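Below is model-v1.cif, which holds mmCIF, C-alpha atoms.
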```
data_data
loop_
_atom_site.group_PDB
_atom_site.id
_atom_site.type_symbol
_atom_site.label_atom_id
_atom_site.label_comp_id
_atom_site.auth_asym_id
_atom_site.auth_seq_id
_atom_site.Cartn_x
_atom_site.Cartn_y
_atom_site.Cartn_z
ATOM 1 C CA MET A 68 0.000 0.000 0.000
ATOM 2 C CA ASP A 69 0.970 3.632 -0.521
ATOM 3 C CA ARG A 70 -0.765 6.985 -1.018
ATOM 4 C CA THR A 71 -2.470 5.713 -4.175
ATOM 5 C CA SER A 72 -4.232 2.995 -2.160
ATOM 6 C CA VAL A 73 -6.563 5.532 -0.514
ATOM 7 C CA SER A 74 -8.325 8.726 -1.567
ATOM 8 C CA TRP A 75 -7.847 10.468 1.778
ATOM 9 C CA ARG A 76 -7.582 14.244 1.487
ATOM 10 C CA GLY A 77 -9.221 17.492 2.522
ATOM 11 C CA TYR A 78 -10.673 18.450 5.888
ATOM 12 C CA TRP A 79 -11.250 15.824 8.573
ATOM 13 C CA PRO A 80 -12.509 16.454 12.099
ATOM 14 C CA ALA A 81 -10.983 14.507 14.949
ATOM 15 C CA ALA A 82 -14.333 13.644 16.492
ATOM 16 C CA PRO A 83 -14.983 14.141 20.197
ATOM 17 C CA THR A 84 -16.545 11.315 22.172
ATOM 18 C CA PRO A 85 -19.589 12.787 23.952
ATOM 19 C CA PHE A 86 -20.120 11.774 27.565
ATOM 20 C CA THR A 87 -23.097 12.518 29.769
ATOM 21 C CA ALA A 88 -22.767 14.687 32.874
ATOM 22 C CA ASP A 89 -22.341 11.547 34.981
ATOM 23 C CA GLY A 90 -19.604 10.192 32.710
ATOM 24 C CA ALA A 91 -21.427 7.626 30.600
ATOM 25 C CA LEU A 92 -20.735 7.190 26.893
ATOM 26 C CA ASP A 93 -23.551 9.036 25.102
ATOM 27 C CA GLU A 94 -24.149 6.880 22.034
ATOM 28 C CA GLN A 95 -27.000 8.960 20.637
ATOM 29 C CA ALA A 96 -24.965 12.152 20.914
ATOM 30 C CA LEU A 97 -22.089 10.446 19.124
ATOM 31 C CA ARG A 98 -24.405 9.385 16.317
ATOM 32 C CA ASN A 99 -25.597 12.986 16.084
ATOM 33 C CA VAL A 100 -22.020 14.295 15.947
ATOM 34 C CA LEU A 101 -21.172 11.933 13.111
ATOM 35 C CA ARG A 102 -24.331 12.866 11.185
ATOM 36 C CA LEU A 103 -23.436 16.537 11.666
ATOM 37 C CA TYR A 104 -20.070 15.918 10.034
ATOM 38 C CA ALA A 105 -21.731 14.141 7.117
ATOM 39 C CA ASP A 106 -24.109 17.094 6.693
ATOM 40 C CA GLN A 107 -21.143 19.502 6.741
ATOM 41 C CA GLY A 108 -19.542 17.606 3.889
ATOM 42 C CA VAL A 109 -16.271 16.792 5.632
ATOM 43 C CA HIS A 110 -13.892 14.629 3.634
ATOM 44 C CA GLY A 111 -13.102 12.062 6.356
ATOM 45 C CA VAL A 112 -13.455 11.496 10.101
ATOM 46 C CA LEU A 113 -11.023 10.312 12.773
ATOM 47 C CA VAL A 114 -12.456 8.752 15.940
ATOM 48 C CA ASN A 115 -10.712 7.797 19.192
ATOM 49 C CA GLY A 116 -7.923 10.295 18.687
ATOM 50 C CA THR A 117 -6.770 12.868 21.225
ATOM 51 C CA THR A 118 -10.009 14.847 20.963
ATOM 52 C CA GLY A 119 -11.875 11.554 21.227
ATOM 53 C CA GLU A 120 -10.364 11.008 24.716
ATOM 54 C CA TRP A 121 -9.141 7.499 23.930
ATOM 55 C CA PHE A 122 -7.100 7.596 27.142
ATOM 56 C CA ALA A 123 -10.228 7.966 29.291
ATOM 57 C CA GLN A 124 -12.209 5.128 27.720
ATOM 58 C CA ARG A 125 -12.386 1.474 28.615
ATOM 59 C CA PRO A 126 -11.393 -0.903 25.779
ATOM 60 C CA ALA A 127 -14.996 -1.933 25.188
ATOM 61 C CA GLU A 128 -16.002 1.711 24.855
ATOM 62 C CA ARG A 129 -13.256 2.391 22.317
ATOM 63 C CA ARG A 130 -14.501 -0.526 20.262
ATOM 64 C CA ARG A 131 -18.098 0.707 20.523
ATOM 65 C CA VAL A 132 -17.150 4.209 19.363
ATOM 66 C CA ALA A 133 -15.419 2.706 16.328
ATOM 67 C CA GLU A 134 -18.446 0.536 15.570
ATOM 68 C CA LEU A 135 -20.822 3.496 15.712
ATOM 69 C CA ALA A 136 -18.591 5.541 13.409
ATOM 70 C CA VAL A 137 -18.548 2.807 10.781
ATOM 71 C CA GLU A 138 -22.285 2.246 11.223
ATOM 72 C CA VAL A 139 -23.131 5.920 10.639
ATOM 73 C CA LEU A 140 -20.511 6.909 8.061
ATOM 74 C CA GLY A 141 -19.252 3.693 6.500
ATOM 75 C CA GLY A 142 -19.344 3.713 2.714
ATOM 76 C CA SER A 143 -19.932 7.469 2.467
ATOM 77 C CA THR A 144 -17.119 9.124 4.428
ATOM 78 C CA PRO A 145 -13.715 7.582 5.207
ATOM 79 C CA VAL A 146 -13.452 6.503 8.859
ATOM 80 C CA VAL A 147 -10.019 6.098 10.445
ATOM 81 C CA VAL A 148 -9.917 4.679 13.972
ATOM 82 C CA GLY A 149 -7.401 5.866 16.529
ATOM 83 C CA CYS A 150 -5.638 2.831 17.974
ATOM 84 C CA THR A 151 -2.962 4.484 20.116
ATOM 85 C CA GLY A 152 -1.836 2.460 23.128
ATOM 86 C CA TYR A 153 1.111 1.878 25.400
ATOM 87 C CA THR A 154 2.320 -1.374 23.830
ATOM 88 C CA PRO A 155 2.350 -2.796 20.299
ATOM 89 C CA ALA A 156 0.054 -5.612 21.437
ATOM 90 C CA GLU A 157 -2.580 -3.151 22.629
ATOM 91 C CA VAL A 158 -2.410 -1.140 19.400
ATOM 92 C CA ILE A 159 -2.662 -4.314 17.308
ATOM 93 C CA GLU A 160 -5.750 -5.431 19.226
ATOM 94 C CA PHE A 161 -7.603 -2.180 18.512
ATOM 95 C CA ALA A 162 -6.462 -2.129 14.888
ATOM 96 C CA GLU A 163 -7.619 -5.694 14.329
ATOM 97 C CA HIS A 164 -11.025 -4.727 15.679
ATOM 98 C CA ALA A 165 -11.095 -1.716 13.327
ATOM 99 C CA ARG A 166 -10.286 -4.017 10.415
ATOM 100 C CA SER A 167 -12.979 -6.495 11.415
ATOM 101 C CA ILE A 168 -15.769 -3.879 11.452
ATOM 102 C CA GLY A 169 -14.858 -2.388 8.083
ATOM 103 C CA ALA A 170 -13.053 0.805 9.100
ATOM 104 C CA ASP A 171 -11.076 2.458 6.325
ATOM 105 C CA GLY A 172 -7.854 2.690 8.307
ATOM 106 C CA ALA A 173 -6.061 2.883 11.637
ATOM 107 C CA LEU A 174 -4.032 5.644 13.277
ATOM 108 C CA ALA A 175 -1.507 5.525 16.099
ATOM 109 C CA THR A 176 0.984 7.842 17.736
ATOM 110 C CA PRO A 177 4.191 6.440 19.169
ATOM 111 C CA PRO A 178 3.344 5.041 22.611
ATOM 112 C CA PRO A 179 2.890 7.876 25.122
ATOM 113 C CA TYR A 180 5.220 8.257 28.112
ATOM 114 C CA ALA A 181 7.833 5.770 26.813
ATOM 115 C CA HIS A 182 9.798 8.484 24.973
ATOM 116 C CA LEU A 183 11.018 6.184 22.196
ATOM 117 C CA THR A 184 14.250 6.633 20.270
ATOM 118 C CA PRO A 185 14.052 6.905 16.457
ATOM 119 C CA GLU A 186 15.019 3.225 16.120
ATOM 120 C CA GLU A 187 12.306 2.258 18.594
ATOM 121 C CA ILE A 188 9.737 4.378 16.746
ATOM 122 C CA VAL A 189 10.527 2.591 13.487
ATOM 123 C CA GLY A 190 10.432 -0.808 15.220
ATOM 124 C CA PHE A 191 7.087 0.006 16.835
ATOM 125 C CA TYR A 192 5.454 0.986 13.557
ATOM 126 C CA GLU A 193 6.977 -1.988 11.753
ATOM 127 C CA ALA A 194 5.363 -4.284 14.332
ATOM 128 C CA VAL A 195 1.865 -2.804 14.337
ATOM 129 C CA THR A 196 1.500 -2.029 10.635
ATOM 130 C CA GLU A 197 2.730 -5.458 9.552
ATOM 131 C CA ALA A 198 0.423 -7.226 12.022
ATOM 132 C CA VAL A 199 -2.828 -5.696 10.700
ATOM 133 C CA PRO A 200 -3.262 -5.292 6.923
ATOM 134 C CA LEU A 201 -5.105 -1.970 7.024
ATOM 135 C CA PRO A 202 -4.119 1.409 5.572
ATOM 136 C CA TRP A 203 -2.242 3.083 8.426
ATOM 137 C CA MET A 204 -1.883 6.754 9.309
ATOM 138 C CA ILE A 205 1.110 7.683 11.461
ATOM 139 C CA TYR A 206 0.473 10.530 13.884
ATOM 140 C CA ASN A 207 3.306 12.763 15.036
ATOM 141 C CA TRP A 208 1.931 14.371 18.210
ATOM 142 C CA PRO A 209 4.817 15.676 20.327
ATOM 143 C CA ARG A 210 2.523 17.644 22.656
ATOM 144 C CA GLY A 211 0.936 14.382 23.816
ATOM 145 C CA VAL A 212 3.775 11.905 23.319
ATOM 146 C CA ALA A 213 6.875 13.983 24.262
ATOM 147 C CA VAL A 214 8.660 12.768 21.116
ATOM 148 C CA ASP A 215 8.811 14.780 17.899
ATOM 149 C CA ILE A 216 9.348 12.479 14.904
ATOM 150 C CA ASP A 217 12.135 14.059 12.860
ATOM 151 C CA THR A 218 12.262 14.170 9.077
ATOM 152 C CA ALA A 219 14.786 11.353 8.740
ATOM 153 C CA THR A 220 12.620 9.024 10.826
ATOM 154 C CA ALA A 221 9.465 10.023 8.964
ATOM 155 C CA ASP A 222 11.285 9.213 5.726
ATOM 156 C CA ARG A 223 11.859 5.658 6.956
ATOM 157 C CA LEU A 224 8.284 5.284 8.178
ATOM 158 C CA ALA A 225 6.877 6.328 4.798
ATOM 159 C CA ASP A 226 8.502 3.231 3.272
ATOM 160 C CA LEU A 227 6.655 0.763 5.518
ATOM 161 C CA PRO A 228 4.361 -1.392 3.369
ATOM 162 C CA ASN A 229 0.979 -0.557 4.971
ATOM 163 C CA VAL A 230 1.648 3.102 5.806
ATOM 164 C CA VAL A 231 -0.395 5.357 3.524
ATOM 165 C CA ALA A 232 -0.667 8.629 5.472
ATOM 166 C CA TYR A 233 1.216 10.877 7.890
ATOM 167 C CA LYS A 234 -0.494 13.347 10.232
ATOM 168 C CA ASP A 235 2.031 15.886 11.440
ATOM 169 C CA SER A 236 1.211 18.034 14.484
ATOM 170 C CA THR A 237 4.724 19.152 15.286
ATOM 171 C CA GLY A 238 5.066 22.698 16.538
ATOM 172 C CA ASP A 239 8.184 23.078 14.385
ATOM 173 C CA GLU A 240 6.710 24.406 11.148
ATOM 174 C CA LEU A 241 10.021 24.341 9.248
ATOM 175 C CA MET A 242 10.489 20.672 10.125
ATOM 176 C CA ALA A 243 6.880 19.983 9.127
ATOM 177 C CA MET A 244 7.529 21.447 5.684
ATOM 178 C CA ALA A 245 10.764 19.491 5.327
ATOM 179 C CA THR A 246 8.981 16.278 6.305
ATOM 180 C CA ALA A 247 6.096 16.904 3.909
ATOM 181 C CA GLU A 248 8.548 17.545 1.100
ATOM 182 C CA VAL A 249 10.257 14.208 1.767
ATOM 183 C CA VAL A 250 7.207 11.965 2.272
ATOM 184 C CA ALA A 251 4.366 13.513 0.258
ATOM 185 C CA GLY A 252 5.159 11.531 -2.866
ATOM 186 C CA ARG A 253 4.672 8.251 -0.999
ATOM 187 C CA VAL A 254 2.017 8.902 1.656
ATOM 188 C CA ARG A 255 -0.946 11.216 2.133
ATOM 189 C CA THR A 256 0.224 14.147 4.242
ATOM 190 C CA PHE A 257 -2.005 15.969 6.732
ATOM 191 C CA GLY A 258 -0.680 19.136 8.356
ATOM 192 C CA ARG A 259 -1.134 22.901 8.463
ATOM 193 C CA PHE A 260 -2.203 23.706 4.919
ATOM 194 C CA ILE A 261 -5.169 26.052 5.446
ATOM 195 C CA HIS A 262 -3.371 29.375 5.094
ATOM 196 C CA ARG A 263 -1.750 31.237 2.224
ATOM 197 C CA ARG A 264 1.703 29.763 2.774
ATOM 198 C CA GLY A 265 0.223 26.306 3.274
ATOM 199 C CA MET A 266 -1.756 26.474 0.049
ATOM 200 C CA ALA A 267 1.329 27.539 -1.898
ATOM 201 C CA PHE A 268 3.339 24.703 -0.356
ATOM 202 C CA MET A 269 0.615 22.143 -0.969
ATOM 203 C CA LEU A 270 0.216 23.096 -4.636
ATOM 204 C CA GLY A 271 3.920 23.455 -5.298
ATOM 205 C CA VAL A 272 5.467 20.677 -3.224
ATOM 206 C CA GLY A 273 2.776 18.395 -1.834
ATOM 207 C CA GLY A 274 0.222 17.849 0.886
ATOM 208 C CA ASP A 275 -3.298 16.508 1.157
ATOM 209 C CA GLY A 276 -5.312 17.871 4.058
ATOM 210 C CA ASN A 277 -5.914 18.915 7.648
ATOM 211 C CA ILE A 278 -7.257 17.061 10.672
ATOM 212 C CA ASP A 279 -8.267 19.228 13.598
ATOM 213 C CA GLY A 280 -10.141 18.777 16.834
ATOM 214 C CA GLY A 281 -13.907 18.683 16.882
ATOM 215 C CA GLY A 282 -14.721 19.978 13.416
ATOM 216 C CA ILE A 283 -15.226 23.578 14.549
ATOM 217 C CA GLY A 284 -13.361 24.675 11.431
ATOM 218 C CA ALA A 285 -15.599 22.790 8.995
ATOM 219 C CA PRO A 286 -17.544 25.869 7.809
ATOM 220 C CA PHE A 287 -14.256 27.400 6.641
ATOM 221 C CA ALA A 288 -12.103 24.379 5.819
ATOM 222 C CA VAL A 289 -14.507 22.324 3.693
ATOM 223 C CA PRO A 290 -15.079 25.124 1.157
ATOM 224 C CA TYR A 291 -11.364 25.993 1.288
ATOM 225 C CA TYR A 292 -10.277 22.584 0.056
ATOM 226 C CA GLU A 293 -13.043 22.374 -2.499
ATOM 227 C CA ALA A 294 -12.010 25.761 -3.894
ATOM 228 C CA VAL A 295 -8.385 24.612 -4.053
ATOM 229 C CA TRP A 296 -9.359 21.449 -5.928
ATOM 230 C CA ARG A 297 -11.368 23.313 -8.548
ATOM 231 C CA GLY A 298 -8.593 25.877 -9.013
ATOM 232 C CA ASP A 299 -10.444 28.882 -7.563
ATOM 233 C CA ARG A 300 -7.498 30.586 -5.877
ATOM 234 C CA ASP A 301 -9.323 33.747 -4.768
ATOM 235 C CA GLU A 302 -12.132 31.797 -3.120
ATOM 236 C CA ALA A 303 -9.635 29.485 -1.439
ATOM 237 C CA LEU A 304 -7.701 32.441 -0.052
ATOM 238 C CA ARG A 305 -10.880 33.996 1.325
ATOM 239 C CA TRP A 306 -11.755 30.819 3.222
ATOM 240 C CA SER A 307 -8.183 30.293 4.389
ATOM 241 C CA ASP A 308 -8.102 33.780 5.897
ATOM 242 C CA LEU A 309 -11.338 33.075 7.773
ATOM 243 C CA TYR A 310 -10.006 29.752 9.015
ATOM 244 C CA GLY A 311 -6.818 31.507 10.133
ATOM 245 C CA ALA A 312 -8.844 34.043 12.094
ATOM 246 C CA MET A 313 -10.662 31.183 13.813
ATOM 247 C CA VAL A 314 -7.406 29.458 14.744
ATOM 248 C CA ALA A 315 -5.927 32.715 16.063
ATOM 249 C CA ALA A 316 -9.031 33.286 18.191
ATOM 250 C CA LEU A 317 -9.112 29.813 19.736
ATOM 251 C CA VAL A 318 -5.731 28.067 19.552
ATOM 252 C CA ASN A 319 -2.144 28.837 20.577
ATOM 253 C CA PRO A 320 0.804 28.019 18.275
ATOM 254 C CA ASP A 321 1.723 24.925 20.345
ATOM 255 C CA TYR A 322 -1.809 23.468 19.875
ATOM 256 C CA SER A 323 -2.905 24.412 23.397
ATOM 257 C CA ALA A 324 -6.228 26.247 23.588
ATOM 258 C CA LYS A 325 -7.006 29.808 24.643
ATOM 259 C CA PHE A 326 -9.736 29.160 27.210
ATOM 260 C CA ALA A 327 -9.357 25.620 28.633
ATOM 261 C CA HIS A 328 -7.859 22.234 27.904
ATOM 262 C CA PRO A 329 -8.211 21.774 24.106
ATOM 263 C CA THR A 330 -10.786 18.981 24.362
ATOM 264 C CA ALA A 331 -12.810 20.785 27.024
ATOM 265 C CA GLN A 332 -12.741 23.901 24.842
ATOM 266 C CA VAL A 333 -13.881 21.930 21.787
ATOM 267 C CA LYS A 334 -16.826 20.488 23.676
ATOM 268 C CA ALA A 335 -17.742 23.830 25.230
ATOM 269 C CA THR A 336 -17.601 25.398 21.760
ATOM 270 C CA MET A 337 -19.822 22.699 20.296
ATOM 271 C CA ASN A 338 -22.313 23.099 23.125
ATOM 272 C CA LEU A 339 -22.396 26.880 22.582
ATOM 273 C CA LEU A 340 -23.061 26.254 18.886
ATOM 274 C CA GLY A 341 -25.932 23.896 19.693
ATOM 275 C CA GLN A 342 -23.928 20.842 18.630
ATOM 276 C CA PRO A 343 -23.770 17.586 20.658
ATOM 277 C CA GLY A 344 -20.390 18.065 22.299
ATOM 278 C CA GLY A 345 -21.342 16.643 25.659
ATOM 279 C CA ALA A 346 -19.065 16.558 28.681
ATOM 280 C CA VAL A 347 -15.444 15.517 29.083
ATOM 281 C CA ARG A 348 -14.460 12.619 31.293
ATOM 282 C CA PRO A 349 -11.919 12.763 34.153
ATOM 283 C CA PRO A 350 -9.059 13.464 34.412
ATOM 284 C CA LEU A 351 -10.214 16.373 32.198
ATOM 285 C CA LEU A 352 -12.517 19.058 33.562
ATOM 286 C CA ASP A 353 -15.364 20.761 31.720
ATOM 287 C CA LEU A 354 -15.101 24.457 30.971
ATOM 288 C CA THR A 355 -17.577 25.978 33.430
ATOM 289 C CA ASP A 356 -16.021 29.308 34.461
ATOM 290 C CA PRO A 357 -18.563 31.985 33.427
ATOM 291 C CA ALA A 358 -15.944 34.565 32.455
ATOM 292 C CA ARG A 359 -14.086 32.129 30.203
ATOM 293 C CA LEU A 360 -17.316 30.876 28.667
ATOM 294 C CA ASP A 361 -18.312 34.470 27.926
ATOM 295 C CA ALA A 362 -14.913 35.120 26.334
ATOM 296 C CA LEU A 363 -15.224 31.978 24.243
ATOM 297 C CA ALA A 364 -18.724 32.964 23.136
ATOM 298 C CA ALA A 365 -17.468 36.427 22.175
ATOM 299 C CA ALA A 366 -14.707 34.866 20.079
ATOM 300 C CA LEU A 367 -17.205 32.632 18.288
ATOM 301 C CA ASP A 368 -19.548 35.563 17.724
ATOM 302 C CA SER A 369 -16.720 37.604 16.172
ATOM 303 C CA LEU A 370 -16.297 34.787 13.640
ATOM 304 C CA GLY A 371 -19.996 34.716 12.810
ATOM 305 C CA LEU A 372 -20.380 31.174 14.113
ATOM 306 C CA LEU A 373 -23.001 31.949 16.752
ATOM 307 C CA ARG A 374 -25.154 33.566 14.080
ATOM 308 C CA GLY A 375 -25.345 30.315 12.113
ATOM 309 C CA SER A 376 -22.913 31.182 9.327
ATOM 310 C CA PRO A 377 -19.251 32.186 9.278
ATOM 311 C CA THR A 378 -18.248 35.776 8.713
ATOM 312 C CA THR A 379 -17.773 36.397 4.987
#
```
Translate the structure of the given file into structure tokens.
Amino acid sequence: MDRTSVSWRGYWPAAPTPFTADGALDEQALRNVLRLYADQGVHGVLVNGTTGEWFAQRPAERRRVAELAVEVLGGSTPVVVGCTGYTPAEVIEFAEHARSIGADGALATPPPYAHLTPEEIVGFYEAVTEAVPLPWMIYNWPRGVAVDIDTATADRLADLPNVVAYKDSTGDELMAMATAEVVAGRVRTFGRFIHRRGMAFMLGVGGDGNIDGGGIGAPFAVPYYEAVWRGDRDEALRWSDLYGAMVAALVNPDYSAKFAHPTAQVKATMNLLGQPGGAVRPPLLDLTDPARLDALAAALDSLGLLRGSPTT
């Protein structure tokens, strides 16, 4: 397999996993979230990623979330299942389940906390991607893993037989561009491409899409990519500038959030927008401070999101 084995591109939300106020998995709310994404026309969906709070779910719940995603979106929107775990065996177990239910692919970061060396990172991905014959997306997430996959290591990972995509969330933008330049010809590359510099890089060098938390950016990012694909540069730039304003209002350069923990902020934002965000699950805390909620609402209102359509 390689990048030609899948059609993955464009804007994908990393879906939250809604929980009730007492901490239960809210299956109906999750169905509603997934239907919302289908209605927004997103180009793919990732479940059980960082925003999906994989770390706070029991194994049976992670499997159920994956099953619901395939049930609601399967055959119409690509579904990639986050399978991150602390050991290769754990990752393989979740990936095999994803394969068995008909998911389109699996994603994993390097194991958190272990702080792997480059050789260990390559060995880890060799083990899990060879064990389960699915299209695999590698996720470089140094904020959560404490290891930033460098360009030389990414180059080696792109040659693994079942690796078809690379999601890069490094805070080092120069390294991200260097990595994309090296791997984009072999694997689908997801990174920071929704801005003027990103569009120029994507069209001139390579790149395929963005995956961000919760789908808040869908009203800007879906039309951005569709304008890029049809060659409408002016329309693409207009949407990219609006998306950039949204990011500046809500997110810090290191992927932390302005008003709360990123996942708590995503869910609070969705709830303010009338979307089924639900509650977070411990150890995270919901955003409940009135002053911060008011500031978040003001930021959303400045973008036109509270009025039902983005500022144009």
- Would you list the contacts of Asn338 in chain A as an NGL selection string, taking every protein, DNA or RNA residue within 12 Å and counting all atoms listed in the file, but skipping same-chain residues closer than 6 positions in sequence? :A and (83 or 85 or 96 or 100 or 281 or 283 or 331-332 or 344-347 or 353-355 or 360 or 363-364 or 367 or 373)
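Shortest separation to Ser236 in chain A among A:Tyr322, A:Phe191, A:Tyr291, A:Phe260 occurs at residue A:Tyr322, atoms counted being all atoms listed in the file.
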- Task: Please measure the separation of CA of Glu157 in chain A and CA of Tyr192 in chain A, giving the value in Å to one decimal.
- Result: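 Interatomic distance here is 12.8 Å.
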- For Ala245 in chain A, which residue out of A:Pro228, A:Gly273, A:Pro357, A:Gly282 is the nearest one, using all atoms listed in the file?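 The answer is A:Gly273, which sits nearest to Ala245 in chain A.
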- Query: In terms of the shortest atom-to-atom distance over all atoms listed in the file, which of A:Arg223, A:His110, A:Arg263, A:Arg305 is closest to Val146 in chain A?
  - Reply: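 Looking at the shortest contact to Val146 in chain A, the residue is A:His110.
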Result set of the PyMOL selection byres ((chain A and resi 269) around 12) on the coordinates above, as a PDB file with C-alpha atoms, in the coordinates of the input:
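Writing the result to result_34.pdb gives the following:
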```
ATOM      1  CA  ARG A  76      -7.582  14.244   1.487  1.00  0.00           C
ATOM      2  CA  GLY A  77      -9.221  17.492   2.522  1.00  0.00           C
ATOM      3  CA  MET A 244       7.529  21.447   5.684  1.00  0.00           C
ATOM      4  CA  ALA A 247       6.096  16.904   3.909  1.00  0.00           C
ATOM      5  CA  GLU A 248       8.548  17.545   1.100  1.00  0.00           C
ATOM      6  CA  ALA A 251       4.366  13.513   0.258  1.00  0.00           C
ATOM      7  CA  GLY A 252       5.159  11.531  -2.866  1.00  0.00           C
ATOM      8  CA  ARG A 255      -0.946  11.216   2.133  1.00  0.00           C
ATOM      9  CA  THR A 256       0.224  14.147   4.242  1.00  0.00           C
ATOM     10  CA  PHE A 257      -2.005  15.969   6.732  1.00  0.00           C
ATOM     11  CA  GLY A 258      -0.680  19.136   8.356  1.00  0.00           C
ATOM     12  CA  ARG A 259      -1.134  22.901   8.463  1.00  0.00           C
ATOM     13  CA  PHE A 260      -2.203  23.706   4.919  1.00  0.00           C
ATOM     14  CA  ILE A 261      -5.169  26.052   5.446  1.00  0.00           C
ATOM     15  CA  HIS A 262      -3.371  29.375   5.094  1.00  0.00           C
ATOM     16  CA  ARG A 263      -1.750  31.237   2.224  1.00  0.00           C
ATOM     17  CA  ARG A 264       1.703  29.763   2.774  1.00  0.00           C
ATOM     18  CA  GLY A 265       0.223  26.306   3.274  1.00  0.00           C
ATOM     19  CA  MET A 266      -1.756  26.474   0.049  1.00  0.00           C
ATOM     20  CA  ALA A 267       1.329  27.539  -1.898  1.00  0.00           C
ATOM     21  CA  PHE A 268       3.339  24.703  -0.356  1.00  0.00           C
ATOM     22  CA  LEU A 270       0.216  23.096  -4.636  1.00  0.00           C
ATOM     23  CA  GLY A 271       3.920  23.455  -5.298  1.00  0.00           C
ATOM     24  CA  VAL A 272       5.467  20.677  -3.224  1.00  0.00           C
ATOM     25  CA  GLY A 273       2.776  18.395  -1.834  1.00  0.00           C
ATOM     26  CA  GLY A 274       0.222  17.849   0.886  1.00  0.00           C
ATOM     27  CA  ASP A 275      -3.298  16.508   1.157  1.00  0.00           C
ATOM     28  CA  GLY A 276      -5.312  17.871   4.058  1.00  0.00           C
ATOM     29  CA  ASN A 277      -5.914  18.915   7.648  1.00  0.00           C
ATOM     30  CA  TYR A 292     -10.277  22.584   0.056  1.00  0.00           C
ATOM     31  CA  VAL A 295      -8.385  24.612  -4.053  1.00  0.00           C
ATOM     32  CA  TRP A 296      -9.359  21.449  -5.928  1.00  0.00           C
TER      33      TRP A 296
END
```
- Quote the spacing between CA of Phe326 in chain A and CA of Trp79 in chain A in Å to one decimal place.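 The value is 23.0 Å.
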- Message: Given all atoms listed in the file as the basis, pick out the residue of A:Ile216, A:Ala366, A:Val230, A:Val112 nearest to Glu197 in chain A.
- Response: A:Val230
- Pick from A:Ala127, A:Trp203, A:Asp279, A:Tyr153: nearest to His182 in chain A, with only C-alpha atoms counted?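 The shortest atom-to-atom distance to His182 in chain A comes from A:Tyr153.
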- Message: Within 9 Å of (-16.0, 23.6, 7.5) (file coordinates; only C-alpha atoms), which protein or nucleic acid residues are there? I'd like them as a list in words.
- Response: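 With a cut-off of 9 Å, the residues come to Tyr78, Gln107, Gly108, Val109, Gly282, Ile283, Gly284, Ala285, Pro286, Phe287, Ala288, Val289, Pro290, Tyr291 and Tyr310 of chain A.
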Can you sort out the box for range 288-298 of chain A, edges along x, y and z, all listed atoms in, 8 Å on every side, with centre and edge lengths in Å to one decimal, as AutoDock Vina command-line options?
```
--center_x -11.7 --center_y 23.7 --center_z -1.6 --size_x 22.7 --size_y 20.5 --size_z 30.8
```
- Fewer than 5 positions away in the same chain doesn't count, so skip those; otherwise give me all residues within 9 Å of Arg98 in chain A, counting only C-alpha atoms, as a PyMOL selection string. chain A and resi 93+103+135-136+139
Incomplete range 76-87 of chain A brought to N, CA and C atoms, written out as a PDB file, in the frame of the given file:
```
ATOM      1  N   ARG A  76      -8.052  12.879   1.674  1.00  0.00           N
ATOM      2  CA  ARG A  76      -7.582  14.244   1.487  1.00  0.00           C
ATOM      3  C   ARG A  76      -8.601  15.189   2.080  1.00  0.00           C
ATOM      4  N   GLY A  77      -8.279  16.473   2.100  1.00  0.00           N
ATOM      5  CA  GLY A  77      -9.221  17.492   2.522  1.00  0.00           C
ATOM      6  C   GLY A  77      -9.313  17.666   4.016  1.00  0.00           C
ATOM      7  N   TYR A  78     -10.477  18.101   4.481  1.00  0.00           N
ATOM      8  CA  TYR A  78     -10.673  18.450   5.888  1.00  0.00           C
ATOM      9  C   TYR A  78     -11.366  17.330   6.640  1.00  0.00           C
ATOM     10  N   TRP A  79     -10.713  16.874   7.703  1.00  0.00           N
ATOM     11  CA  TRP A  79     -11.250  15.824   8.573  1.00  0.00           C
ATOM     12  C   TRP A  79     -11.347  16.359  10.002  1.00  0.00           C
ATOM     13  N   PRO A  80     -12.484  16.200  10.668  1.00  0.00           N
ATOM     14  CA  PRO A  80     -12.509  16.454  12.099  1.00  0.00           C
ATOM     15  C   PRO A  80     -11.990  15.240  12.878  1.00  0.00           C
ATOM     16  N   ALA A  81     -11.260  15.514  13.934  1.00  0.00           N
ATOM     17  CA  ALA A  81     -10.983  14.507  14.949  1.00  0.00           C
ATOM     18  C   ALA A  81     -12.163  14.560  15.915  1.00  0.00           C
ATOM     19  N   ALA A  82     -13.040  13.574  15.813  1.00  0.00           N
ATOM     20  CA  ALA A  82     -14.333  13.644  16.492  1.00  0.00           C
ATOM     21  C   ALA A  82     -14.181  13.536  17.999  1.00  0.00           C
ATOM     22  N   PRO A  83     -14.917  14.351  18.759  1.00  0.00           N
ATOM     23  CA  PRO A  83     -14.983  14.141  20.197  1.00  0.00           C
ATOM     24  C   PRO A  83     -15.852  12.932  20.509  1.00  0.00           C
ATOM     25  N   THR A  84     -15.664  12.375  21.670  1.00  0.00           N
ATOM     26  CA  THR A  84     -16.545  11.315  22.172  1.00  0.00           C
ATOM     27  C   THR A  84     -17.441  11.932  23.234  1.00  0.00           C
ATOM     28  N   PRO A  85     -18.729  12.136  22.956  1.00  0.00           N
ATOM     29  CA  PRO A  85     -19.589  12.787  23.952  1.00  0.00           C
ATOM     30  C   PRO A  85     -19.863  11.875  25.152  1.00  0.00           C
ATOM     31  N   PHE A  86     -19.747  12.457  26.325  1.00  0.00           N
ATOM     32  CA  PHE A  86     -20.120  11.774  27.565  1.00  0.00           C
ATOM     33  C   PHE A  86     -21.236  12.560  28.238  1.00  0.00           C
ATOM     34  N   THR A  87     -22.059  11.859  28.999  1.00  0.00           N
ATOM     35  CA  THR A  87     -23.097  12.518  29.769  1.00  0.00           C
ATOM     36  C   THR A  87     -22.469  13.189  30.991  1.00  0.00           C
TER      37      THR A  87
END
```
